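What follows is the content of data_19.pdb, which has PDB, C-alpha atoms:
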ATOM      1  CA  MET A   1     176.616 102.162 161.753  1.00  0.00           C
ATOM      2  CA  ARG A   2     178.772 102.298 158.640  1.00  0.00           C
ATOM      3  CA  THR A   3     180.493 105.235 156.986  1.00  0.00           C
ATOM      4  CA  PHE A   4     180.340 105.939 153.260  1.00  0.00           C
ATOM      5  CA  HIS A   5     183.298 107.837 151.800  1.00  0.00           C
ATOM      6  CA  PHE A   6     183.119 109.706 148.490  1.00  0.00           C
ATOM      7  CA  TYR A   7     184.512 112.720 146.632  1.00  0.00           C
ATOM      8  CA  ASP A   8     182.330 115.776 146.051  1.00  0.00           C
ATOM      9  CA  LEU A   9     182.225 118.001 142.961  1.00  0.00           C
ATOM     10  CA  ASP A  10     185.255 119.944 144.183  1.00  0.00           C
ATOM     11  CA  GLY A  11     187.301 116.767 144.603  1.00  0.00           C
ATOM     12  CA  GLU A  12     187.120 116.964 148.399  1.00  0.00           C
ATOM     13  CA  GLU A  13     186.793 113.726 150.341  1.00  0.00           C
ATOM     14  CA  CYS A  14     183.479 113.541 152.231  1.00  0.00           C
ATOM     15  CA  SER A  15     181.725 110.968 154.370  1.00  0.00           C
ATOM     16  CA  LEU A  16     178.186 110.077 155.410  1.00  0.00           C
ATOM     17  CA  ASP A  17     177.164 107.904 158.336  1.00  0.00           C
ATOM     18  CA  LEU A  18     174.697 105.267 157.140  1.00  0.00           C
ATOM     19  CA  ASP A  19     171.901 103.854 159.261  1.00  0.00           C
ATOM     20  CA  PRO A  20     171.139 100.114 159.246  1.00  0.00           C
ATOM     21  CA  GLY A  21     169.027  99.173 156.231  1.00  0.00           C
ATOM     22  CA  THR A  22     170.636 101.781 153.969  1.00  0.00           C
ATOM     23  CA  MET A  23     173.318 101.764 151.312  1.00  0.00           C
ATOM     24  CA  ALA A  24     174.937 104.591 149.376  1.00  0.00           C
ATOM     25  CA  PHE A  25     176.572 105.300 146.050  1.00  0.00           C
ATOM     26  CA  THR A  26     177.234 108.358 143.927  1.00  0.00           C
ATOM     27  CA  THR A  27     175.998 109.366 140.521  1.00  0.00           C
ATOM     28  CA  CYS A  28     177.935 112.201 138.909  1.00  0.00           C
ATOM     29  CA  GLN A  29     179.506 112.764 142.344  1.00  0.00           C
ATOM     30  CA  THR A  30     176.095 113.318 143.974  1.00  0.00           C
ATOM     31  CA  PRO A  31     175.567 110.956 146.923  1.00  0.00           C
ATOM     32  CA  VAL A  32     172.460 108.784 146.760  1.00  0.00           C
ATOM     33  CA  VAL A  33     171.365 107.058 149.963  1.00  0.00           C
ATOM     34  CA  ALA A  34     168.979 104.151 149.391  1.00  0.00           C
ATOM     35  CA  HIS A  35     166.570 103.317 152.226  1.00  0.00           C
ATOM     36  CA  ARG A  36     164.589 100.083 152.477  1.00  0.00           C
ATOM     37  CA  SER A  37     161.766 101.806 154.361  1.00  0.00           C
ATOM     38  CA  GLY A  38     158.857 103.664 152.819  1.00  0.00           C
ATOM     39  CA  PRO A  39     156.666 105.169 151.691  1.00  0.00           C
ATOM     40  CA  GLN A  40     158.200 105.398 148.239  1.00  0.00           C
ATOM     41  CA  ARG A  41     159.660 108.857 147.754  1.00  0.00           C
ATOM     42  CA  ILE A  42     162.811 110.779 146.925  1.00  0.00           C
ATOM     43  CA  GLU A  43     164.066 113.479 149.252  1.00  0.00           C
ATOM     44  CA  ILE A  44     166.186 116.024 147.410  1.00  0.00           C
ATOM     45  CA  THR A  45     168.658 118.072 149.422  1.00  0.00           C
ATOM     46  CA  ARG A  46     169.666 121.151 147.481  1.00  0.00           C
ATOM     47  CA  ALA A  47     172.747 123.310 147.814  1.00  0.00           C
ATOM     48  CA  GLY A  48     172.154 125.494 150.852  1.00  0.00           C
ATOM     49  CA  GLY A  49     170.304 122.706 152.682  1.00  0.00           C
ATOM     50  CA  SER A  50     166.682 123.147 151.556  1.00  0.00           C
ATOM     51  CA  ARG A  51     164.787 119.900 151.005  1.00  0.00           C
ATOM     52  CA  ASN A  52     162.042 118.843 148.625  1.00  0.00           C
ATOM     53  CA  ILE A  53     160.108 115.585 148.589  1.00  0.00           C
ATOM     54  CA  VAL A  54     159.041 113.883 145.370  1.00  0.00           C
ATOM     55  CA  GLU A  55     156.334 111.255 145.796  1.00  0.00           C
ATOM     56  CA  GLY A  56     157.232 108.058 143.936  1.00  0.00           C
ATOM     57  CA  LEU A  57     160.562 107.080 142.456  1.00  0.00           C
ATOM     58  CA  GLU A  58     160.998 109.398 139.457  1.00  0.00           C
ATOM     59  CA  LEU A  59     162.905 112.654 139.180  1.00  0.00           C
ATOM     60  CA  ASP A  60     161.881 115.378 136.762  1.00  0.00           C
ATOM     61  CA  ALA A  61     164.090 116.476 133.873  1.00  0.00           C
ATOM     62  CA  GLY A  62     165.320 119.595 135.699  1.00  0.00           C
ATOM     63  CA  ILE A  63     166.633 117.740 138.752  1.00  0.00           C
ATOM     64  CA  SER A  64     168.113 115.006 136.575  1.00  0.00           C
ATOM     65  CA  ALA A  65     169.874 117.596 134.406  1.00  0.00           C
ATOM     66  CA  ALA A  66     171.278 119.368 137.480  1.00  0.00           C
ATOM     67  CA  ILE A  67     172.790 116.069 138.639  1.00  0.00           C
ATOM     68  CA  PHE A  68     174.124 114.953 135.237  1.00  0.00           C
ATOM     69  CA  GLU A  69     175.557 118.410 134.499  1.00  0.00           C
ATOM     70  CA  ARG A  70     177.231 118.447 137.927  1.00  0.00           C
ATOM     71  CA  SER A  71     175.878 121.929 138.558  1.00  0.00           C
ATOM     72  CA  GLY A  72     176.062 121.570 142.333  1.00  0.00           C
ATOM     73  CA  ALA A  73     172.369 122.465 142.708  1.00  0.00           C
ATOM     74  CA  VAL A  74     171.596 119.006 144.154  1.00  0.00           C
ATOM     75  CA  GLN A  75     173.658 118.112 147.204  1.00  0.00           C
ATOM     76  CA  ARG A  76     172.156 114.691 148.007  1.00  0.00           C
ATOM     77  CA  LEU A  77     169.318 112.296 147.184  1.00  0.00           C
ATOM     78  CA  ASP A  78     167.620 109.998 149.691  1.00  0.00           C
ATOM     79  CA  VAL A  79     165.561 107.321 147.926  1.00  0.00           C
ATOM     80  CA  PHE A  80     162.989 105.402 149.965  1.00  0.00           C
ATOM     81  CA  PHE A  81     161.950 102.154 148.266  1.00  0.00           C
ATOM     82  CA  GLY A  82     159.149 101.107 150.601  1.00  0.00           C
ATOM     83  CA  PHE A  83     160.276  97.499 151.078  1.00  0.00           C
ATOM     84  CA  GLU A  84     158.414  95.905 153.954  1.00  0.00           C
ATOM     85  CA  GLY A  85     159.952  93.352 156.258  1.00  0.00           C
ATOM     86  CA  GLY A  86     163.494  92.329 156.189  1.00  0.00           C
TER      87      GLY A  86
END
Structure translated into structure tokens:
Amino acid sequence: MRTFHFYDLDGEECSLDLDPGTMAFTTCQTPVVAHRSGPQRIEITRAGGSRNIVEGLELDAGISAAIFERSGAVQRLDVFFGFEGG
């Protein structure tokens, strides 16, 4: 297991433990965890911990705006690419 370190919107250092077959990066200080496994979807973790699932690999304008504006409404994205095999 690897650990991903990043800074959140408040400038606080944070970390996420990453499972094998994943990688992480941030966009506008929102962590994005990329998963090789499928099916293709995006799991959105909102502030407060609620989760939504978007089928496919596209976010709507509202979620995108919340991330780009750094509103804090989106806490994390998990993107599942659906790659088979290894």
Please report the interatomic distance between atom CA of A:Pro20 and atom CA of A:Arg2 in Å with one decimal. 8.0 Å
Identify all residues satisfying the PyMOL selection byres ((chain A and resi 30-44) around 6) in the given file; provide them as a count of residues only. 25
Residue IDs satisfying the PyMOL selection byres ((chain A and resi 14) around 12), as a list in words: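 Expected selection for the PyMOL selection byres ((chain A and resi 14) around 12) here is Thr3, Phe4, His5, Phe6, Tyr7, Asp8, Leu9, Asp10, Gly11, Glu12, Glu13, Ser15, Leu16, Asp17, Thr26, Gln29, Thr30, Pro31 and Gln75 of chain A.
The space between atom CA of A:Gly48 and atom CA of A:Gly72 spans 10.2 Å.
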Please indicate the distance in Å from atom CA of A:Gly49 to atom CA of A:Phe68, rounded to one decimal place.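 Taking atom CA of A:Gly49 and atom CA of A:Phe68, their separation equals 19.5 Å.
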Axis-aligned box for all listed atoms of stretch 20-35 of chain A, 4 Å per side, centre and edges in Å to one decimal, as lines of an AutoDock Vina configuration file:
center_x = 173.0
center_y = 106.2
center_z = 149.1
size_x = 20.9
size_y = 22.1
size_z = 28.3
Have a look at A:Leu18, A:Met1, A:Ile67, A:Val74 and name the one nearest to A:Ser50; count all atoms listed in the file.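 Of A:Leu18, A:Met1, A:Ile67, A:Val74, the one nearest A:Ser50, counting all atoms listed in the file, is A:Val74.
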